[in-house]
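> Contents are mmCIF, C-alpha atoms and all ligand atoms; file name start26.cif:
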```
data_start
#
loop_
_atom_site.label_atom_id
_atom_site.label_comp_id
_atom_site.auth_asym_id
_atom_site.auth_seq_id
_atom_site.Cartn_x
_atom_site.Cartn_y
_atom_site.Cartn_z
CA MET A 1 -27.39 -12.22 6.30
CA LYS A 2 -30.09 -11.09 3.84
CA GLN A 3 -30.35 -7.67 5.51
CA THR A 4 -26.61 -7.03 5.22
CA GLN A 5 -26.61 -8.04 1.56
CA SER A 6 -29.41 -5.71 0.68
CA GLU A 7 -27.74 -2.82 2.52
CA GLN A 8 -24.59 -3.57 0.50
CA VAL A 9 -26.57 -3.37 -2.73
CA ILE A 10 -28.23 -0.10 -1.65
CA LEU A 11 -24.80 1.38 -0.88
CA GLU A 12 -23.43 0.33 -4.28
CA LYS A 13 -26.41 1.77 -6.13
CA THR A 14 -26.23 4.97 -4.07
CA GLU A 15 -22.56 5.30 -5.00
CA ASP A 16 -23.55 5.32 -8.70
CA PHE A 17 -26.40 7.76 -8.01
CA VAL A 18 -24.01 10.19 -6.28
CA LYS A 19 -21.33 9.82 -8.96
CA SER A 20 -23.84 10.78 -11.63
CA LYS A 21 -24.93 13.83 -9.60
CA LEU A 22 -21.39 15.09 -9.01
CA ALA A 23 -20.00 14.41 -12.48
CA GLY A 24 -18.24 17.48 -13.82
CA ASP A 25 -18.30 19.36 -10.51
CA THR A 26 -15.81 22.21 -10.30
CA THR A 27 -16.58 23.46 -6.78
CA GLY A 28 -14.29 21.09 -4.87
CA HIS A 29 -17.06 18.59 -4.21
CA ASP A 30 -15.73 15.92 -6.48
CA TRP A 31 -16.37 12.20 -6.06
CA TRP A 32 -13.06 11.60 -4.27
CA HIS A 33 -14.03 14.01 -1.49
CA ILE A 34 -17.18 11.93 -1.00
CA GLU A 35 -15.19 8.68 -1.06
CA ARG A 36 -12.75 9.98 1.60
CA VAL A 37 -15.58 11.24 3.82
CA ARG A 38 -17.24 7.84 3.45
CA THR A 39 -14.06 5.99 4.46
CA LEU A 40 -13.58 8.29 7.46
CA ALA A 41 -17.25 7.98 8.46
CA VAL A 42 -17.09 4.17 8.37
CA SER A 43 -13.94 4.18 10.50
CA LEU A 44 -15.36 6.70 13.02
CA ALA A 45 -18.68 4.83 13.14
CA ALA A 46 -16.90 1.62 14.17
CA ALA A 47 -14.91 3.38 16.89
CA GLU A 48 -17.93 5.31 18.19
CA LYS A 49 -20.37 2.38 17.85
CA ALA A 50 -22.61 4.38 15.56
CA ASN A 51 -24.89 2.81 12.95
CA ARG A 52 -22.61 2.09 10.01
CA PHE A 53 -25.28 1.98 7.29
CA ILE A 54 -26.74 5.36 8.27
CA CYS A 55 -23.27 6.95 8.50
CA GLU A 56 -22.15 5.52 5.17
CA MET A 57 -25.35 6.50 3.34
CA ALA A 58 -25.29 10.02 4.80
CA ALA A 59 -21.60 10.39 3.90
CA LEU A 60 -22.37 9.37 0.30
CA LEU A 61 -25.31 11.76 0.04
CA HIS A 62 -23.99 14.66 2.13
CA ASP A 63 -23.17 17.02 -0.74
CA VAL A 64 -25.90 16.29 -3.28
CA ILE A 65 -28.38 18.81 -1.83
CA ASP A 66 -25.79 21.52 -1.08
CA ASP A 67 -26.76 24.90 -2.53
CA LYS A 68 -23.21 25.31 -3.82
CA LEU A 69 -23.89 22.40 -6.15
CA VAL A 70 -27.57 22.45 -6.98
CA ALA A 71 -29.77 25.23 -8.24
CA ASP A 72 -32.70 24.27 -6.04
CA GLU A 73 -32.17 22.54 -2.69
CA ALA A 74 -35.84 21.63 -2.34
CA VAL A 75 -35.85 19.85 -5.70
CA ALA A 76 -32.57 18.08 -4.87
CA THR A 77 -33.93 17.03 -1.47
CA GLY A 78 -37.04 15.64 -3.16
CA GLU A 79 -34.84 13.57 -5.44
CA VAL A 80 -32.95 12.11 -2.48
CA VAL A 81 -36.24 11.26 -0.73
CA ALA A 82 -37.49 9.56 -3.91
CA TRP A 83 -34.18 7.69 -4.17
CA LEU A 84 -34.41 6.36 -0.59
CA VAL A 85 -38.02 5.26 -1.15
CA GLU A 86 -37.07 3.54 -4.41
CA GLN A 87 -34.27 1.67 -2.62
CA GLN A 88 -36.75 0.63 0.08
CA VAL A 89 -34.64 2.08 2.86
CA ASN A 90 -36.85 1.83 5.94
CA ALA A 91 -38.65 4.95 7.12
CA SER A 92 -36.65 5.57 10.28
CA ASP A 93 -33.26 5.12 8.56
CA SER A 94 -34.41 7.37 5.70
CA ALA A 95 -35.52 10.09 8.11
CA GLU A 96 -32.21 9.92 9.96
CA ILE A 97 -30.11 10.04 6.75
CA LEU A 98 -32.12 12.98 5.45
CA ALA A 99 -31.88 14.89 8.73
CA ILE A 100 -28.09 14.49 8.72
CA ILE A 101 -27.53 15.74 5.18
CA GLN A 102 -29.95 18.65 5.69
CA ASP A 103 -28.23 19.74 8.90
CA MET A 104 -24.87 19.57 7.10
CA SER A 105 -26.03 21.49 4.02
CA PHE A 106 -27.95 24.33 5.57
CA LYS A 107 -25.10 25.69 7.64
CA GLY A 108 -25.91 28.59 9.90
CA GLY A 109 -29.56 28.29 9.00
CA ALA A 110 -32.53 27.16 11.03
CA ASN A 111 -30.57 24.16 12.29
CA GLU A 112 -27.74 26.16 13.85
CA GLY A 113 -27.05 24.95 17.36
CA LYS A 114 -29.14 21.83 16.92
CA VAL A 115 -27.82 18.74 18.70
CA LEU A 116 -26.88 16.13 16.13
CA SER A 117 -27.48 12.41 16.51
CA LEU A 118 -24.35 10.28 17.03
CA GLU A 119 -24.45 9.37 13.32
CA GLY A 120 -24.80 13.05 12.42
CA GLN A 121 -21.81 13.89 14.59
CA VAL A 122 -19.75 11.16 12.90
CA VAL A 123 -20.51 12.34 9.36
CA GLN A 124 -19.95 16.00 10.25
CA ASP A 125 -16.59 15.07 11.81
CA ALA A 126 -15.62 13.09 8.71
CA ASP A 127 -16.45 16.05 6.44
CA ARG A 128 -14.48 18.43 8.66
CA LEU A 129 -11.47 16.10 8.85
CA ASP A 130 -11.25 16.15 5.05
CA ALA A 131 -10.78 19.94 5.24
CA ILE A 132 -7.59 19.70 7.36
CA GLY A 133 -4.24 17.89 7.19
CA ALA A 134 -2.39 17.28 3.92
CA ILE A 135 -5.64 16.74 2.01
CA GLY A 136 -7.16 19.90 3.46
CA ILE A 137 -4.14 21.92 2.34
CA ALA A 138 -4.39 20.50 -1.18
CA ARG A 139 -8.13 21.28 -1.34
CA THR A 140 -7.50 24.82 -0.15
CA MET A 141 -4.86 25.38 -2.83
CA ILE A 142 -7.12 23.96 -5.54
CA TYR A 143 -10.04 26.12 -4.39
CA THR A 144 -7.84 29.23 -4.33
CA GLY A 145 -6.47 28.49 -7.79
CA ALA A 146 -9.97 27.88 -9.17
CA LYS A 147 -11.02 31.30 -7.84
CA GLY A 148 -7.93 32.90 -9.38
CA ARG A 149 -6.70 34.09 -5.99
CA PRO A 150 -3.08 34.26 -4.76
CA MET A 151 -1.74 31.70 -2.29
CA HIS A 152 -0.33 34.42 -0.05
CA LEU A 153 -0.11 38.21 0.13
CA PRO A 154 2.64 39.12 2.62
CA GLU A 155 1.32 42.66 3.13
CA LYS A 156 -1.88 41.18 4.57
CA GLN A 157 -1.88 40.01 8.13
CA PRO A 158 -2.74 36.31 8.00
CA ARG A 159 -5.09 36.72 10.93
CA GLU A 160 -6.98 39.54 9.31
CA ARG A 161 -10.71 38.86 9.16
CA LEU A 162 -12.25 39.71 5.84
CA THR A 163 -15.49 41.60 5.50
CA LEU A 164 -18.06 39.83 3.35
CA GLU A 165 -17.50 42.47 0.66
CA GLN A 166 -13.74 41.91 0.62
CA TYR A 167 -14.35 38.19 0.44
CA ARG A 168 -16.76 38.57 -2.46
CA ASN A 169 -14.23 40.78 -4.23
CA GLY A 170 -11.76 37.93 -4.03
CA GLU A 171 -9.45 39.53 -1.47
CA ASP A 172 -8.77 36.19 0.15
CA THR A 173 -5.72 33.97 -0.05
CA ALA A 174 -5.05 30.30 0.60
CA ILE A 175 -2.97 31.15 3.67
CA MET A 176 -5.70 33.40 5.06
CA HIS A 177 -8.16 30.51 4.76
CA PHE A 178 -6.06 28.56 7.27
CA TYR A 179 -6.77 31.31 9.83
CA GLU A 180 -10.38 31.87 8.77
CA LYS A 181 -11.38 28.24 8.95
CA LEU A 182 -8.88 25.38 8.92
CA LEU A 183 -7.18 26.07 12.25
CA SER A 184 -10.53 26.28 14.06
CA LEU A 185 -11.84 22.90 12.90
CA LYS A 186 -9.90 20.84 15.47
CA SER A 187 -11.90 22.31 18.34
CA LEU A 188 -15.19 21.67 16.51
CA MET A 189 -14.86 17.87 16.36
CA ASN A 190 -17.76 16.07 18.05
CA THR A 191 -16.39 12.58 18.72
CA PRO A 192 -13.24 11.45 20.59
CA SER A 193 -12.03 9.40 17.60
CA ALA A 194 -12.26 12.43 15.32
CA GLN A 195 -10.56 14.61 17.94
CA MET A 196 -7.59 12.25 17.85
CA LYS A 197 -7.32 12.34 14.05
CA ALA A 198 -7.87 16.10 14.05
CA ALA A 199 -5.01 16.64 16.51
CA GLN A 200 -2.56 14.98 14.08
CA ARG A 201 -3.92 16.80 11.06
CA HIS A 202 -3.92 20.12 12.94
CA ALA A 203 -0.28 19.67 13.97
CA PHE A 204 0.53 19.07 10.31
CA LEU A 205 -1.18 22.37 9.36
CA GLU A 206 0.89 24.24 11.92
CA GLU A 207 4.10 22.59 10.77
CA TYR A 208 3.19 23.46 7.19
CA LEU A 209 2.61 27.13 8.06
CA THR A 210 5.92 27.35 9.92
CA GLN A 211 7.75 25.88 6.94
CA PHE A 212 5.77 28.06 4.50
CA PHE A 213 6.64 31.34 6.24
CA ALA A 214 10.28 30.30 6.72
CA GLU A 215 10.59 29.48 3.01
CA TRP A 216 8.83 32.73 2.11
CA GLN A 217 11.54 34.64 4.00
CA GLY A 218 14.26 32.50 2.43
CA GLU A 219 15.19 31.17 5.87
CA ARG A 220 15.04 27.48 4.93
P1 LIG B 1 -17.70 21.72 2.42
O1 LIG B 1 -18.96 22.08 1.68
O2 LIG B 1 -17.10 20.40 1.97
O3 LIG B 1 -17.82 21.80 3.89
P2 LIG B 1 -16.59 24.12 1.22
O4 LIG B 1 -17.45 24.06 0.02
O5 LIG B 1 -16.76 25.28 2.14
O6 LIG B 1 -16.59 22.79 2.06
O7 LIG B 1 -15.11 24.09 0.72
C1 LIG B 1 -14.57 23.07 -0.12
C2 LIG B 1 -13.06 23.07 0.06
O8 LIG B 1 -12.52 24.34 -0.34
C3 LIG B 1 -12.62 22.88 1.52
O9 LIG B 1 -11.46 22.12 1.59
C4 LIG B 1 -12.40 24.30 2.00
O10 LIG B 1 -11.47 24.39 3.06
C5 LIG B 1 -11.89 24.98 0.75
N1 LIG B 1 -12.27 26.40 0.78
C6 LIG B 1 -13.49 26.92 1.08
N2 LIG B 1 -13.46 28.27 1.09
C7 LIG B 1 -12.18 28.62 0.80
C8 LIG B 1 -11.49 29.87 0.65
N3 LIG B 1 -12.10 31.03 0.82
N4 LIG B 1 -10.17 29.83 0.34
C9 LIG B 1 -9.53 28.66 0.17
N5 LIG B 1 -10.12 27.44 0.28
C10 LIG B 1 -11.42 27.41 0.59
NI NI B 2 -18.27 17.69 2.06
#
```
Take the structure in this file and express it as structure tokens.
Ligand code: ADP
Ligand code: NI


Amino acid sequence: MKQTQSEQVILEKTEDFVKSKLAGDTTGHDWWHIERVRTLAVSLAAAEKANRFICEMAALLHDVIDDKLVADEAVATGEVVAWLVEQQVNASDSAEILAIIQDMSFKGGANEGKVLSLEGQVVQDADRLDAIGAIGIARTMIYTGAKGRPMHLPEKQPRERLTLEQYRNGEDTAIMHFYEKLLSLKSLMNTPSAQMKAAQRHAFLEEYLTQFFAEWQGER
């Protein structure tokens, strides 16, 4: 069981590495988001028979090279490569972990439309699941509050699509974000296990919106 032990040690050390990188984050990428994505990724990996170590490592590292968090993605990527080498993660696992976190960070970039490995699909699903359901609603409200935006503007159609300029000017609300992003995530899940979880979380979003609008009108 030497191999398993050393993977356990690598995971523990990587947890500390990630915690130090995310300390003081105010962009919604706090440690607990990482911890939830990790838990989901481990559970999905078991159900989908994906490599657990790769999924767990990629889940831990998935936000540390994101341009929303770091000034220079190339520098941050270099640090992750150096970290994996230092931990003596083997070359093929390292390459796979790195490919996953790069595909997840550079959204809509050169990797758009690229077919992910099973492990990549699992970690992407885990990250997307954390954006829906009760947790997803809480994250959306926190994000909206941090941006100083209102939770809802009744004169705006919730399904209205914002132009980039309107978005930059802060003309976005928490409720609009449901229609811009949250309600579309269910159909983007890669794996059957994530589709099942997403169905429950999606139903909760819809129930929440029904209750929200009814309360807004004073109907309930
Ligand atoms: P990630 O990098 O984890 O995929 P984001 O950085 O896009 O996610 O968003 C972090 C959290 O903030 C998510 O829960 C997301 O739904 C929420 N969020 C992102 N953009 C908005 C927005 N315009 N309004 C409200 N919530 C948002
Ligand atoms: Ni994330």

> List the spatial neighbours of range 126-137 of chain A as a PDB file with C-alpha atoms, in the coordinates of the input - criterion: any atom at most 6 Å away, only C-alpha atoms, same-chain residues fewer than 6 positions off excluded.


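And here's around16.pdb as it stands now:
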```pdb
ATOM      1  CA  VAL A  37     -15.580  11.240   3.820  1.00  0.00           C
ATOM      2  CA  LEU A  40     -13.580   8.290   7.460  1.00  0.00           C
ATOM      3  CA  ALA A  41     -17.250   7.980   8.460  1.00  0.00           C
ATOM      4  CA  ARG A 201      -3.920  16.800  11.060  1.00  0.00           C
ATOM      5  CA  PHE A 204       0.530  19.070  10.310  1.00  0.00           C
ATOM      6  CA  LEU A 205      -1.180  22.370   9.360  1.00  0.00           C
TER       7      LEU A 205
END
```

> If you count all atoms listed in the file, which residues fall within 9 Å of Asn51 in chain A, apart from same-chain ones fewer than 4 positions away, as JSON, numbers by chain?

{"A": [45, 46, 55, 56, 118, 119]}

> What are the centre and the three edge lengths of an axis-aligned box that wraps all atoms of range 171-175 of chain A in the file, given that 4 Å is added to every side, written as JSON and rounded to one decimal in Å?


```
{"center_x": -6.2, "center_y": 34.9, "center_z": 1.1, "size_x": 14.5, "size_y": 17.2, "size_z": 13.1}
```

> Can you find the residues with an atom no farther than 12 Å from (-31.7, 17.7, 6.0), counting all atoms listed in the file, and report them as a PDB file with C-alpha atoms, in the frame of the given file?


```pdb
ATOM      1  CA  ALA A  58     -25.290  10.020   4.800  1.00  0.00           C
ATOM      2  CA  LEU A  61     -25.310  11.760   0.040  1.00  0.00           C
ATOM      3  CA  HIS A  62     -23.990  14.660   2.130  1.00  0.00           C
ATOM      4  CA  ASP A  63     -23.170  17.020  -0.740  1.00  0.00           C
ATOM      5  CA  VAL A  64     -25.900  16.290  -3.280  1.00  0.00           C
ATOM      6  CA  ILE A  65     -28.380  18.810  -1.830  1.00  0.00           C
ATOM      7  CA  ASP A  66     -25.790  21.520  -1.080  1.00  0.00           C
ATOM      8  CA  GLU A  73     -32.170  22.540  -2.690  1.00  0.00           C
ATOM      9  CA  ALA A  74     -35.840  21.630  -2.340  1.00  0.00           C
ATOM     10  CA  ALA A  76     -32.570  18.080  -4.870  1.00  0.00           C
ATOM     11  CA  THR A  77     -33.930  17.030  -1.470  1.00  0.00           C
ATOM     12  CA  GLY A  78     -37.040  15.640  -3.160  1.00  0.00           C
ATOM     13  CA  VAL A  80     -32.950  12.110  -2.480  1.00  0.00           C
ATOM     14  CA  VAL A  81     -36.240  11.260  -0.730  1.00  0.00           C
ATOM     15  CA  SER A  94     -34.410   7.370   5.700  1.00  0.00           C
ATOM     16  CA  ALA A  95     -35.520  10.090   8.110  1.00  0.00           C
ATOM     17  CA  GLU A  96     -32.210   9.920   9.960  1.00  0.00           C
ATOM     18  CA  ILE A  97     -30.110  10.040   6.750  1.00  0.00           C
ATOM     19  CA  LEU A  98     -32.120  12.980   5.450  1.00  0.00           C
ATOM     20  CA  ALA A  99     -31.880  14.890   8.730  1.00  0.00           C
ATOM     21  CA  ILE A 100     -28.090  14.490   8.720  1.00  0.00           C
ATOM     22  CA  ILE A 101     -27.530  15.740   5.180  1.00  0.00           C
ATOM     23  CA  GLN A 102     -29.950  18.650   5.690  1.00  0.00           C
ATOM     24  CA  ASP A 103     -28.230  19.740   8.900  1.00  0.00           C
ATOM     25  CA  MET A 104     -24.870  19.570   7.100  1.00  0.00           C
ATOM     26  CA  SER A 105     -26.030  21.490   4.020  1.00  0.00           C
ATOM     27  CA  PHE A 106     -27.950  24.330   5.570  1.00  0.00           C
ATOM     28  CA  LYS A 107     -25.100  25.690   7.640  1.00  0.00           C
ATOM     29  CA  GLY A 109     -29.560  28.290   9.000  1.00  0.00           C
ATOM     30  CA  ALA A 110     -32.530  27.160  11.030  1.00  0.00           C
ATOM     31  CA  ASN A 111     -30.570  24.160  12.290  1.00  0.00           C
ATOM     32  CA  LYS A 114     -29.140  21.830  16.920  1.00  0.00           C
ATOM     33  CA  LEU A 116     -26.880  16.130  16.130  1.00  0.00           C
ATOM     34  CA  GLY A 120     -24.800  13.050  12.420  1.00  0.00           C
TER      35      GLY A 120
END
```

> Give the answer as one residue: which of A:Glu12, A:Glu35, A:Asp172, A:Glu7 has the shortest atom-to-atom distance to ligand LIG 1 (chain B), using only C-alpha atoms and all ligand atoms?

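Nearest candidate to ligand LIG 1 (chain B) out of A:Glu12, A:Glu35, A:Asp172, A:Glu7: A:Asp172.
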
> Using all atoms listed in the file, which of A:Ile10, A:Ala71, A:Ala47, A:Leu188 sits nearest Val85 in chain A?

A:Ile10

> Please, which residues in chain A fall within 6 Å of ligand LIG 1 (chain B) when counting all atoms listed in the file, and what is the closest atom pair and distance in Å to one decimal for each, ordered by chain then residue number, as a Markdown table?


```
| residue | atom | partner | partner_atom | distance |
| --- | --- | --- | --- | --- |
| A:Gly28 | CA | B:LIG1 | C1 | 5.2 |
| A:Ala131 | CA | B:LIG1 | O9 | 4.3 |
| A:Gly136 | CA | B:LIG1 | O9 | 5.2 |
| A:Arg139 | CA | B:LIG1 | O9 | 4.5 |
| A:Thr140 | CA | B:LIG1 | N5 | 3.7 |
| A:Tyr143 | CA | B:LIG1 | N5 | 4.9 |
| A:Thr144 | CA | B:LIG1 | C9 | 4.8 |
| A:Ala174 | CA | B:LIG1 | C9 | 4.8 |
| A:His177 | CA | B:LIG1 | N4 | 4.9 |
```

> Please measure the separation of CA of Ala50 in chain A and CA of Val122 in chain A, giving the value in Å to one decimal.

7.8 Å

> Just want the 12 Å neighbourhood of Pro150 in chain A, counted on all atoms listed in the file, with same-chain residues fewer than 2 positions away dropped. Output as a ChimeraX atom specification.

/A:140-148,152-154,156,170-177

> Using all atoms listed in the file, which of the listed residues (A:Phe178, A:Asp30, A:Lys197, A:Leu209) sits closest to ligand NI 2 (chain B)?

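So, comparing all the options, the nearest one is A:Asp30.
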
> Ranking A:Arg36, A:Arg161, A:Met151, A:Leu182 by minimum distance to Trp216 in chain A and counting all atoms listed in the file, which one comes first?

A:Met151

> Taking only C-alpha atoms and all ligand atoms into account, which of A:Ile34, A:Glu86, A:Arg220, A:Ala214 comes nearest ligand NI 2 (chain B)?

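Nearest to ligand NI 2 (chain B): A:Ile34.
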
> My list of candidates is A:Leu84, A:Leu69, A:Leu60, A:Ile54. Which is closest to Ser117 in chain A when distances are computed with only C-alpha atoms?

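Once distances to Ser117 in chain A are computed over only C-alpha atoms, the minimum belongs to A:Ile54.
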